[in-house]
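Colleague: Dropping the structure in here first, questions after.
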2 protein chains.
Amino acid sequence: MSPLLKYISYLFYSDNTMSPKITGELLRQLRQAMKNCKYFSEPIQAYIIPSGDAHQSEYIAPCDCRREFICGFNGSAGTAIVTEQHAAMWTDGRYFLQATQQMDNNWTLMKMGLKETPSQEDWLISVLPENSKVGVDPWIIAADQWKNMSKALSSAGHSLVAVQDNLIDAVWTDRPERPSTQLRNLGLEYTGVSWQDKITALRAKMSERKITWFVATALDEIAWLFNLRGADIEYNPVFFAYTIVGVNTIRFFVDLKRLSDPAVREHLQLDSPSKPELSIQTFPYESIYTELQAICAALGPKHKVWICDKASCALTQVIPKAHRTPIPYTPLCLAKAVKNATEIQGMKMAHIKDAVALCELFTWLEKEVFSFQQKDFAGLSFPTISSVGPHGAIIHYRPLPETNRTLTVNEVYLIDSGAQYVDGTTDVTRTMHFGTPSAFEKECFTYVLKGHIAVSAAVFPNGTKGHLLDSFARAALWESGLDYLHGTGHGVGCFLNVHEGPCGISYKTFADEPLEAGMIVSDEPGYYEDGSFGIRLENVVLVVPAKPKYNYRNRGSLTFEPLTLVPIQVKMMNKELLTQKERDWVNEYHRKCREVVGAELERQGRKEALEWLIRETQPII
Amino acid sequence: MSPLLKYISYLFYSDNTMSPKITGELLRQLRQAMKNCKYFSEPIQAYIIPSGDAHQSEYIAPCDCRREFICGFNGSAGTAIVTEQHAAMWTDGRYFLQATQQMDNNWTLMKMGLKETPSQEDWLISVLPENSKVGVDPWIIAADQWKNMSKALSSAGHSLVAVQDNLIDAVWTDRPERPSTQLRNLGLEYTGVSWQDKITALRAKMSERKITWFVATALDEIAWLFNLRGADIEYNPVFFAYTIVGVNTIRFFVDLKRLSDPAVREHLQLDSPSKPELSIQTFPYESIYTELQAICAALGPKHKVWICDKASCALTQVIPKAHRTPIPYTPLCLAKAVKNATEIQGMKMAHIKDAVALCELFTWLEKEVFSFQQKDFAGLSFPTISSVGPHGAIIHYRPLPETNRTLTVNEVYLIDSGAQYVDGTTDVTRTMHFGTPSAFEKECFTYVLKGHIAVSAAVFPNGTKGHLLDSFARAALWESGLDYLHGTGHGVGCFLNVHEGPCGISYKTFADEPLEAGMIVSDEPGYYEDGSFGIRLENVVLVVPAKPKYNYRNRGSLTFEPLTLVPIQVKMMNKELLTQKERDWVNEYHRKCREVVGAELERQGRKEALEWLIRETQPII
């Protein structure tokens, strides 16, 4: 049993192992800290607890799970705010049910995206007494969020204040340590480009815009830049670090213990740099603040410093405004998003390995369900699948607690699985039924499939932003009055974060750079019937040039090529709702699954899985 | 011959009556003024000439056509910038060809929307010497544009300065007077709601947000608020005015000569107000600045003033920052966009009258083309159709000079016509061929039709913004590598501006409030083959509730109902490219045209047009 299941979501939210966290005493202590002049000159009337870390990571280490600690809700997105009288937590449609179940009565759930839900600013203004002070840790709020929040509060007579000591940490007695896992260096056979060449390309971009310093704060950008990986954060092969690149210098801030490994020292040329401008100076992780201060103190009048506008408020404000050049995406983010030939090849290999593993899993599951079905069977206890995959995957995924429930032949089964391989990152969702799906389940599945195909087969001009494709995924659902409350796709890193910017496919229009050939995104429409079933179909797809009949204004066209090659369950389709074009797409996709994954299953002698694959990829008419 | 042709565009851009304006001497004079310390303490190195007036109107009066005066280009959108060495003009894809033909070699055309085109800010920074001053008239630049431009220039060491005397006016010796046409008041039978009730509703919105003053600067909002119309600006039945509404007062700024008309005095209750808080104080148009200054001088500490963030920089900056509450859309803009039952009924009537007129025009055109065809015929000189329509239309539309060209049976004929009726505003585009269209022309027409239908028939959730529908209009074109460089639709006023906010359907995501039942927009995809032909299909459509099978989260669904009822030429369609669903849509649309417009043609005894209509609405298979 090999596949690495990242999480099995939506379907299992009703599991009763999810009970609310008791937060009465914690809130009492936090409110006391809010009045404690040890932390500030005057008490604060509200405290904001964002979900991020100092690097604005989406997934975070246990020591940074402050929002979860204070309210119990452990989804990936959400902001808690505690005032003297109230405690409220904002999250989006993916998490409404989960948050309801994980938070006790001390908390009000603020459902983002619904018309009646106030914004954090509006809510604060409505509940705060006049001239209130609202506190936040400047290291875990982004500079642009600080600015917006501060402006809104000021306009209503309140003020936003930076609280240097984190007040959650003050009441969190058993807070875990910050992780410092072993670093792993990647050779050219995986990365395609050396870190030295990446530095040179970055400096070329800096010189083009007359920039003298660049501050890198995003963990995946630093990992990508140096061709290094870590395991500090679950699911994301990154490590805690900062980097400042100057015209002739490179400063690398990391737990120095990690640099004792000879392979890493050699990789980074720490002991024998090839050229002086490629010599890396190393500093302790914590000294970023004072080093950046020192750099800023020595800036010439025309010197400009690049920093991402999503970087922490604390670090951003070290740079004097006259020298600060905030950018929505760093040049590293943009360069990383467009995969080179080596990376694309790696991603393809990773997806074949993943497909082999999933074919095995599905073959096994089907067999188990059916063998138990004979007896007086109440359900199969879902196995806790974990540990290392067979093909060099280094990140250990565990199913979340809520996945420990039973699987029966009477329900829709949704599996969202992702793995990290040294040559690439995968993310796939399939929805299947091991018994007989209802007509409504099939109808919804088919609308979701139509949306998935509409995006995957779309041809669009070069320069199109992903948000312009989002409605293609929804049109069939909308036509029947249905929808789903999440975006359609996210950027995918190559042996990096499974969610990465700057591209994606969402009705949200911020953080959306134009799609270009070489970018990799997910295509994952869904439909969720509260308390009953969840459907999602997700492939990772590569943006590739398209060659339609015409070429308007020589702009060129793009389309998608699926990297994920796992059959889509025909049993769940209402074929009458599919057009001929859609049926052709399904058949061509299944032909490719059979050809590519079938060859690999055969090579590995996995007969049962091969038979399953052949059965599941029969053409439909 | 009755229809009012607003403009006949794209198709005729190659007409040779469009010759460039000679601007060498004008630019010399402008550059002299830029150095003339009569206007400012220090010379300026660049001068920005936006296309707007002091009300940020889209269509402007001749006295405000400063950008056209200086560069020759007379399209509706464009910004000119003149430096000591360069002169450049930015416009969008609709106007690339027209601008090329209207501007001489002194000007560089900046094609907005193309990747290689620099923004105005980036271009200025690239061409200006260090520490430059860039001037602009603060009355014709919006406050938010000022802010963005000022920020970008400052970050590069330059500065943006407000030049109170307009430098174009200084060199424009024969500049026309500001118009002051007669005002016309509209009764409840047209408006559905009295101006007194509109003021009361506005004050309720103000009190909800604790606002003490509201400054109205948009001409259509003022016309809508007071149920008055004028004819100061071609195509738009508005008049030059400002209004400031307080909790108990109403100040109306307008050329006072216009208020001598007894009907207008009576309508506004100027001589006998019903209630003190509905008494209108009148002031000369020009005194807005000093009156607003006086109001602001007397503001209490908590007093807040609402002004649109698109209002002029000059007026916005009169309001002290602590009291200023800029809003993207005023409550008038939002209220005006959702039409009431009386307005919807009026819009429907207006569209029937318009359809009757167009059926007559098309019948006549077809006959003329064919009768001439027999002889040794080189082409029909297109008639200058103008003057008043038969059914109470009060705005006189003239074809633009470039439309005076010949029409033959060998080319695609595009007609975009719009009319103002007292009960509503129309805007329709049809593309037809009086001979035999080529296979490529038919193919393109059919893609455009597929896009038109995809939008018109779309079902989508309440709260959806128009930009999420834009790609539906393009998908069929994109699939063949084609596209068009303009948005898909704009809001339409009711006997008001044919282009109005805050809703629309465009790939541009700013200025886009969610669609709701009662809003009216256009649906007008197109395809333009440079120098050869232009295709556009435009209907005005009403947002109406839809009733699909399901109702996800009780959000409700919307769809569109076409108000325009003019046949779409079947001869131009490649029926094999249409799906059965699309053919059904065409047949149902033509059935409705025949039913509604046919009845009216019959009532009016217009036999020939009725025959034409019946022929053009035969069902397709």
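Identifiers in this document derive from the order of the structure tokens: chains are assigned A, B, ..., residues are numbered from 1 separately in each chain, and ligands are numbered from 1 in order of occurrence.
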Wanna dump the chain A-chain B contacts at 8 Å for me, each residue with its shortest atom pair and the distance in Å to one decimal, counting only C-alpha atoms, ordered by chain and number, as JSON lines?
Modeller:
```
{"residue": "A:Ser155", "atom": "CA", "partner": "B:Ala322", "partner_atom": "CA", "distance": 7.5}
{"residue": "A:Ala322", "atom": "CA", "partner": "B:Ser155", "partner_atom": "CA", "distance": 7.5}
{"residue": "A:Ala458", "atom": "CA", "partner": "B:Glu479", "partner_atom": "CA", "distance": 7.0}
{"residue": "A:Val459", "atom": "CA", "partner": "B:Glu479", "partner_atom": "CA", "distance": 5.0}
{"residue": "A:Phe460", "atom": "CA", "partner": "B:Trp478", "partner_atom": "CA", "distance": 5.1}
{"residue": "A:Pro461", "atom": "CA", "partner": "B:Trp478", "partner_atom": "CA", "distance": 6.7}
{"residue": "A:His467", "atom": "CA", "partner": "B:Leu468", "partner_atom": "CA", "distance": 7.9}
{"residue": "A:Leu468", "atom": "CA", "partner": "B:Ser471", "partner_atom": "CA", "distance": 6.0}
{"residue": "A:Leu469", "atom": "CA", "partner": "B:Ser471", "partner_atom": "CA", "distance": 6.9}
{"residue": "A:Asp470", "atom": "CA", "partner": "B:Leu468", "partner_atom": "CA", "distance": 7.5}
{"residue": "A:Ser471", "atom": "CA", "partner": "B:Leu468", "partner_atom": "CA", "distance": 6.0}
{"residue": "A:Phe472", "atom": "CA", "partner": "B:Phe472", "partner_atom": "CA", "distance": 7.4}
{"residue": "A:Ala475", "atom": "CA", "partner": "B:Ala458", "partner_atom": "CA", "distance": 7.5}
{"residue": "A:Trp478", "atom": "CA", "partner": "B:Phe460", "partner_atom": "CA", "distance": 5.1}
{"residue": "A:Glu479", "atom": "CA", "partner": "B:Val459", "partner_atom": "CA", "distance": 5.0}
{"residue": "A:Ser480", "atom": "CA", "partner": "B:Pro548", "partner_atom": "CA", "distance": 5.0}
{"residue": "A:Gly481", "atom": "CA", "partner": "B:Tyr550", "partner_atom": "CA", "distance": 4.8}
{"residue": "A:Leu482", "atom": "CA", "partner": "B:Tyr552", "partner_atom": "CA", "distance": 5.0}
{"residue": "A:Asp483", "atom": "CA", "partner": "B:Tyr552", "partner_atom": "CA", "distance": 6.7}
{"residue": "A:Tyr507", "atom": "CA", "partner": "B:Leu468", "partner_atom": "CA", "distance": 7.0}
{"residue": "A:Thr509", "atom": "CA", "partner": "B:Thr509", "partner_atom": "CA", "distance": 7.5}
{"residue": "A:Lys547", "atom": "CA", "partner": "B:Gly481", "partner_atom": "CA", "distance": 7.7}
{"residue": "A:Pro548", "atom": "CA", "partner": "B:Ser480", "partner_atom": "CA", "distance": 5.0}
{"residue": "A:Lys549", "atom": "CA", "partner": "B:Ser480", "partner_atom": "CA", "distance": 5.3}
{"residue": "A:Tyr550", "atom": "CA", "partner": "B:Gly481", "partner_atom": "CA", "distance": 4.8}
{"residue": "A:Asn551", "atom": "CA", "partner": "B:Gly481", "partner_atom": "CA", "distance": 5.0}
{"residue": "A:Tyr552", "atom": "CA", "partner": "B:Leu482", "partner_atom": "CA", "distance": 5.0}
{"residue": "A:Gly556", "atom": "CA", "partner": "B:Gly481", "partner_atom": "CA", "distance": 7.4}
{"residue": "A:Ser557", "atom": "CA", "partner": "B:Gly481", "partner_atom": "CA", "distance": 6.3}
```
Colleague: Out of A:Thr249, A:Asn462, A:Gln604, A:Thr617, which residue has the shortest atom-to-atom distance to A:Pro276 when counting only C-alpha atoms?
Modeller: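 Distance minimum relative to A:Pro276 lands on A:Thr249.
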Colleague: Grab the atom CA of B:Met149 to atom CA of B:Glu121 distance for me, in Å with one decimal place.
Modeller: 6.4 Å
Colleague: May I ask for the distance between atom CA of B:Ala46 and atom CA of B:Ser312, given in Å to one decimal place?
Modeller: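 Between these atoms lies a distance of 20.0 Å.
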Colleague: What lies within 6 Å of stretch 431-447 of chain B using only C-alpha atoms, ignoring chain neighbours under 3 positions off, as a list in words?
Modeller: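 With the cut-off at 6 Å, the set is Val409, Asn410, Val412, Tyr413, Leu414, Lys450, Ala476, Leu477, Ile535, Gln569, Met572, Met573 and Asn574 of chain B.
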Colleague: How about saving the chosen residues, all heavy atoms kept, as a tab-separated table (two decimals), in the first residue's frame?
Modeller:
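Result saved to selection03.tsv:
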```tsv
chain	number	residue	atom	x	y	z
B	409	VAL	N	-22.77	45.63	-52.63
B	409	VAL	CA	-23.24	44.28	-52.32
B	409	VAL	C	-22.08	43.35	-52.00
B	409	VAL	O	-22.28	42.20	-51.68
B	409	VAL	CB	-24.07	43.65	-53.47
B	409	VAL	CG1	-25.37	44.41	-53.64
B	409	VAL	CG2	-23.26	43.62	-54.75
B	410	ASN	N	-20.86	43.88	-52.11
B	410	ASN	CA	-19.71	42.99	-51.96
B	410	ASN	C	-19.08	43.02	-50.58
B	410	ASN	O	-18.01	42.47	-50.39
B	410	ASN	CB	-18.64	43.35	-52.98
B	410	ASN	CG	-19.20	43.30	-54.38
B	410	ASN	OD1	-19.96	42.38	-54.69
B	410	ASN	ND2	-18.89	44.29	-55.19
B	412	VAL	N	-19.35	43.32	-46.04
B	412	VAL	CA	-20.08	43.18	-44.79
B	412	VAL	C	-20.48	44.58	-44.31
B	412	VAL	O	-19.68	45.51	-44.35
B	412	VAL	CB	-19.18	42.51	-43.75
B	412	VAL	CG1	-19.83	42.54	-42.38
B	412	VAL	CG2	-18.87	41.08	-44.15
B	413	TYR	N	-21.72	44.71	-43.92
B	413	TYR	CA	-22.27	45.99	-43.51
B	413	TYR	C	-22.56	45.95	-42.02
B	413	TYR	O	-23.33	45.12	-41.55
B	413	TYR	CB	-23.55	46.23	-44.32
B	413	TYR	CG	-24.38	47.40	-43.89
B	413	TYR	CD1	-23.87	48.70	-43.97
B	413	TYR	CD2	-25.67	47.21	-43.42
B	413	TYR	CE1	-24.65	49.77	-43.58
B	413	TYR	CE2	-26.45	48.28	-43.03
B	413	TYR	CZ	-25.93	49.56	-43.11
B	413	TYR	OH	-26.70	50.62	-42.71
B	414	LEU	N	-21.87	46.83	-41.25
B	414	LEU	CA	-22.07	46.85	-39.80
B	414	LEU	C	-22.80	48.14	-39.43
B	414	LEU	O	-22.34	49.22	-39.79
B	414	LEU	CB	-20.70	46.79	-39.09
B	414	LEU	CG	-20.72	46.76	-37.55
B	414	LEU	CD1	-19.48	46.03	-37.05
B	414	LEU	CD2	-20.78	48.14	-36.93
B	450	LYS	N	-22.17	32.87	-31.50
B	450	LYS	CA	-22.08	31.88	-30.41
B	450	LYS	C	-21.73	32.57	-29.10
B	450	LYS	O	-22.27	32.25	-28.03
B	450	LYS	CB	-21.01	30.83	-30.74
B	450	LYS	CG	-21.42	29.82	-31.80
B	450	LYS	CD	-20.23	29.00	-32.31
B	450	LYS	CE	-19.99	27.76	-31.49
B	450	LYS	NZ	-20.91	26.66	-31.79
B	476	ALA	N	-15.69	30.83	-28.19
B	476	ALA	CA	-15.75	30.27	-29.55
B	476	ALA	C	-14.69	30.94	-30.44
B	476	ALA	O	-14.06	30.28	-31.26
B	476	ALA	CB	-17.14	30.47	-30.14
B	477	LEU	N	-14.49	32.24	-30.30
B	477	LEU	CA	-13.45	32.93	-31.06
B	477	LEU	C	-12.07	32.42	-30.65
B	477	LEU	O	-11.22	32.10	-31.50
B	477	LEU	CB	-13.52	34.45	-30.83
B	477	LEU	CG	-14.68	35.18	-31.51
B	477	LEU	CD1	-14.92	36.53	-30.85
B	477	LEU	CD2	-14.40	35.37	-33.00
B	535	ILE	N	-17.35	42.86	-37.60
B	535	ILE	CA	-18.57	42.17	-37.22
B	535	ILE	C	-18.86	42.50	-35.77
B	535	ILE	O	-17.95	42.47	-34.92
B	535	ILE	CB	-18.40	40.63	-37.37
B	535	ILE	CG1	-18.35	40.25	-38.85
B	535	ILE	CG2	-19.51	39.88	-36.64
B	535	ILE	CD1	-17.83	38.86	-39.09
B	569	GLN	N	-29.10	38.40	-39.04
B	569	GLN	CA	-29.15	37.89	-40.42
B	569	GLN	C	-28.70	36.42	-40.53
B	569	GLN	O	-27.54	36.09	-40.26
B	569	GLN	CB	-28.30	38.76	-41.34
B	569	GLN	CG	-28.69	38.55	-42.81
B	569	GLN	CD	-27.86	39.39	-43.76
B	569	GLN	OE1	-26.68	39.60	-43.57
B	569	GLN	NE2	-28.50	39.88	-44.82
B	572	MET	N	-25.72	35.25	-42.79
B	572	MET	CA	-24.35	35.35	-42.30
B	572	MET	C	-23.93	34.15	-41.44
B	572	MET	O	-22.77	34.03	-41.05
B	572	MET	CB	-24.18	36.63	-41.46
B	572	MET	CG	-24.11	37.91	-42.26
B	572	MET	SD	-22.61	38.04	-43.29
B	572	MET	CE	-21.32	38.23	-42.06
B	573	MET	N	-24.90	33.30	-41.09
B	573	MET	CA	-24.56	32.19	-40.17
B	573	MET	C	-24.05	30.96	-40.92
B	573	MET	O	-24.60	30.60	-41.95
B	573	MET	CB	-25.79	31.76	-39.36
B	573	MET	CG	-26.40	32.86	-38.51
B	573	MET	SD	-27.93	32.28	-37.71
B	573	MET	CE	-28.66	33.86	-37.23
B	574	ASN	N	-23.02	30.32	-40.37
B	574	ASN	CA	-22.64	28.97	-40.80
B	574	ASN	C	-23.34	28.02	-39.84
B	574	ASN	O	-22.86	27.78	-38.72
B	574	ASN	CB	-21.12	28.80	-40.75
B	574	ASN	CG	-20.71	27.40	-41.13
B	574	ASN	OD1	-21.51	26.46	-41.09
B	574	ASN	ND2	-19.45	27.24	-41.50
```
Colleague: Could you go through stretch 183-394 of chain A and tell me which residues DSSP, when run on the backbone, assigns to helix (DSSP H, G or I), listing them as a PyMOL selection string?
Modeller: chain A and resi 188-191+195-208+219-226+256-260+262-267+276-278+285-297+313-316+331-337+341-373
Colleague: Give me a file of those residues, with C-alpha atoms, as an mmCIF file, in the first residue's frame.
Modeller:
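So the final result, stored in result12.cif, reads:
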```
data_model
loop_
_atom_site.group_PDB
_atom_site.id
_atom_site.type_symbol
_atom_site.label_atom_id
_atom_site.label_comp_id
_atom_site.auth_asym_id
_atom_site.auth_seq_id
_atom_site.Cartn_x
_atom_site.Cartn_y
_atom_site.Cartn_z
ATOM 1 C CA LEU A 188 21.161 20.065 -12.068
ATOM 2 C CA GLU A 189 19.458 16.821 -13.108
ATOM 3 C CA TYR A 190 16.440 17.961 -11.049
ATOM 4 C CA THR A 191 16.621 21.754 -11.226
ATOM 5 C CA TRP A 195 21.724 28.512 -8.033
ATOM 6 C CA GLN A 196 24.615 30.595 -9.348
ATOM 7 C CA ASP A 197 22.810 31.136 -12.665
ATOM 8 C CA LYS A 198 19.604 31.970 -10.785
ATOM 9 C CA ILE A 199 21.457 34.632 -8.777
ATOM 10 C CA THR A 200 22.932 36.056 -11.985
ATOM 11 C CA ALA A 201 19.478 36.194 -13.628
ATOM 12 C CA LEU A 202 18.058 37.875 -10.524
ATOM 13 C CA ARG A 203 20.803 40.496 -10.566
ATOM 14 C CA ALA A 204 20.100 41.182 -14.244
ATOM 15 C CA LYS A 205 16.451 41.897 -13.338
ATOM 16 C CA MET A 206 17.621 44.133 -10.480
ATOM 17 C CA SER A 207 19.982 46.111 -12.677
ATOM 18 C CA GLU A 208 17.224 46.527 -15.304
ATOM 19 C CA LEU A 219 10.365 30.162 1.979
ATOM 20 C CA ASP A 220 9.665 28.477 -1.357
ATOM 21 C CA GLU A 221 11.431 31.267 -3.250
ATOM 22 C CA ILE A 222 14.541 30.838 -1.099
ATOM 23 C CA ALA A 223 14.443 27.037 -1.504
ATOM 24 C CA TRP A 224 14.061 27.451 -5.274
ATOM 25 C CA LEU A 225 16.836 30.057 -5.512
ATOM 26 C CA PHE A 226 19.457 27.936 -3.767
ATOM 27 C CA LEU A 256 23.641 27.896 11.276
ATOM 28 C CA LYS A 257 23.656 24.325 12.668
ATOM 29 C CA ARG A 258 22.086 23.277 9.371
ATOM 30 C CA LEU A 259 25.161 24.378 7.443
ATOM 31 C CA SER A 260 27.525 21.880 9.062
ATOM 32 C CA PRO A 262 29.519 18.872 4.097
ATOM 33 C CA ALA A 263 27.244 18.224 1.103
ATOM 34 C CA VAL A 264 25.371 21.468 1.747
ATOM 35 C CA ARG A 265 28.617 23.428 2.290
ATOM 36 C CA GLU A 266 29.953 22.061 -0.991
ATOM 37 C CA HIS A 267 26.694 22.802 -2.838
ATOM 38 C CA PRO A 276 33.610 36.830 -5.048
ATOM 39 C CA GLU A 277 30.110 37.977 -6.092
ATOM 40 C CA LEU A 278 28.859 34.407 -5.671
ATOM 41 C CA TYR A 285 18.029 33.275 11.131
ATOM 42 C CA GLU A 286 17.078 35.790 13.822
ATOM 43 C CA SER A 287 19.610 38.430 12.756
ATOM 44 C CA ILE A 288 17.687 39.398 9.592
ATOM 45 C CA TYR A 289 16.186 42.428 11.350
ATOM 46 C CA THR A 290 19.457 43.947 12.564
ATOM 47 C CA GLU A 291 21.338 43.124 9.339
ATOM 48 C CA LEU A 292 18.633 44.720 7.207
ATOM 49 C CA GLN A 293 18.733 47.742 9.509
ATOM 50 C CA ALA A 294 22.500 47.981 8.993
ATOM 51 C CA ILE A 295 22.113 47.727 5.213
ATOM 52 C CA CYS A 296 19.433 50.411 5.230
ATOM 53 C CA ALA A 297 21.549 52.720 7.361
ATOM 54 C CA CYS A 313 5.069 44.549 8.168
ATOM 55 C CA ALA A 314 7.977 44.345 10.631
ATOM 56 C CA LEU A 315 10.587 43.743 7.941
ATOM 57 C CA THR A 316 9.032 46.072 5.375
ATOM 58 C CA PRO A 331 11.290 38.183 -9.786
ATOM 59 C CA LEU A 332 11.908 34.838 -8.063
ATOM 60 C CA CYS A 333 8.182 34.149 -7.874
ATOM 61 C CA LEU A 334 7.726 34.856 -11.570
ATOM 62 C CA ALA A 335 10.818 32.876 -12.653
ATOM 63 C CA LYS A 336 9.859 29.909 -10.476
ATOM 64 C CA ALA A 337 6.331 29.771 -11.922
ATOM 65 C CA ALA A 341 12.352 21.606 -19.561
ATOM 66 C CA THR A 342 14.058 19.622 -16.770
ATOM 67 C CA GLU A 343 11.360 20.586 -14.288
ATOM 68 C CA ILE A 344 8.545 19.760 -16.714
ATOM 69 C CA GLN A 345 10.099 16.357 -17.410
ATOM 70 C CA GLY A 346 10.354 15.777 -13.645
ATOM 71 C CA MET A 347 6.747 16.782 -13.077
ATOM 72 C CA LYS A 348 5.653 14.320 -15.780
ATOM 73 C CA MET A 349 7.650 11.497 -14.172
ATOM 74 C CA ALA A 350 6.256 12.319 -10.737
ATOM 75 C CA HIS A 351 2.713 12.171 -12.059
ATOM 76 C CA ILE A 352 3.277 8.754 -13.633
ATOM 77 C CA LYS A 353 4.600 7.409 -10.318
ATOM 78 C CA ASP A 354 1.618 8.937 -8.546
ATOM 79 C CA ALA A 355 -0.809 7.413 -11.055
ATOM 80 C CA VAL A 356 0.727 3.968 -10.519
ATOM 81 C CA ALA A 357 0.261 4.336 -6.784
ATOM 82 C CA LEU A 358 -3.341 5.485 -7.152
ATOM 83 C CA CYS A 359 -4.225 2.661 -9.521
ATOM 84 C CA GLU A 360 -2.935 0.280 -6.857
ATOM 85 C CA LEU A 361 -4.937 1.999 -4.144
ATOM 86 C CA PHE A 362 -8.173 2.016 -6.120
ATOM 87 C CA THR A 363 -7.761 -1.633 -7.111
ATOM 88 C CA TRP A 364 -7.265 -2.562 -3.474
ATOM 89 C CA LEU A 365 -10.109 -0.403 -2.184
ATOM 90 C CA GLU A 366 -12.558 -1.826 -4.651
ATOM 91 C CA LYS A 367 -11.588 -5.377 -3.732
ATOM 92 C CA GLU A 368 -11.850 -4.705 0.011
ATOM 93 C CA VAL A 369 -15.218 -3.049 -0.243
ATOM 94 C CA PHE A 370 -16.608 -5.858 -2.319
ATOM 95 C CA SER A 371 -15.197 -8.671 -0.223
ATOM 96 C CA PHE A 372 -16.687 -7.185 2.923
ATOM 97 C CA GLN A 373 -19.940 -6.503 1.216
#
```
Colleague: I need the residue nearest B:Leu30 from this list: B:Asp169, B:Glu234, B:Asp137, B:Glu58. Use only C-alpha atoms for the distance.
Modeller: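 Nearest to B:Leu30: B:Asp169.
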Colleague: When distances are computed from only C-alpha atoms, which of B:Thr243, B:Ser126, B:Ser532, B:Gln269 shows the smallest separation from B:Phe283?
Modeller: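 Using only C-alpha atoms, B:Phe283 sits closest to B:Thr243.
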Colleague: Among stretch 210-258 of chain B, which ones does DSSP assign to strand (DSSP E) (computed from the backbone)? Answer as a ChimeraX atom specification.
Modeller: /B:213-216,228-229,241-246,250-254
Colleague: Got a sec: who's within 8 Å of B:Leu153, counting only C-alpha atoms, leaving out chain neighbours fewer than 5 positions off, as a PyMOL selection string?
Modeller: chain B and resi 121+125+158-160
Colleague: Next, write the just-selected residues to a file, as a compact mmCIF listing (two decimals), in the first residue's frame, keeping N, CA, C and O atoms as the atom set.
Modeller:
```txt
# COMPACT_ATOMS: atom_id res chain seq x y z
N GLU B 121 2.91 56.30 -16.76
CA GLU B 121 3.90 56.56 -15.72
C GLU B 121 5.28 56.07 -16.14
O GLU B 121 6.26 56.81 -16.06
N ILE B 125 8.63 58.32 -16.87
CA ILE B 125 9.87 58.11 -16.12
C ILE B 125 11.03 57.81 -17.08
O ILE B 125 12.15 58.25 -16.87
N HIS B 158 10.30 62.62 -9.63
CA HIS B 158 9.60 63.71 -10.31
C HIS B 158 8.41 64.17 -9.46
O HIS B 158 8.15 63.62 -8.40
N SER B 159 7.69 65.19 -9.96
CA SER B 159 6.48 65.56 -9.22
C SER B 159 5.36 65.94 -10.17
O SER B 159 5.59 66.42 -11.28
N LEU B 160 4.13 65.68 -9.70
CA LEU B 160 2.93 66.03 -10.47
C LEU B 160 2.41 67.34 -9.91
O LEU B 160 2.25 67.47 -8.69
```
Colleague: So how many Å separate atom CA of B:Arg184 and atom CA of B:Phe239, to one decimal?
Modeller: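 Straight-line distance from atom CA of B:Arg184 to atom CA of B:Phe239 works out to 10.2 Å.
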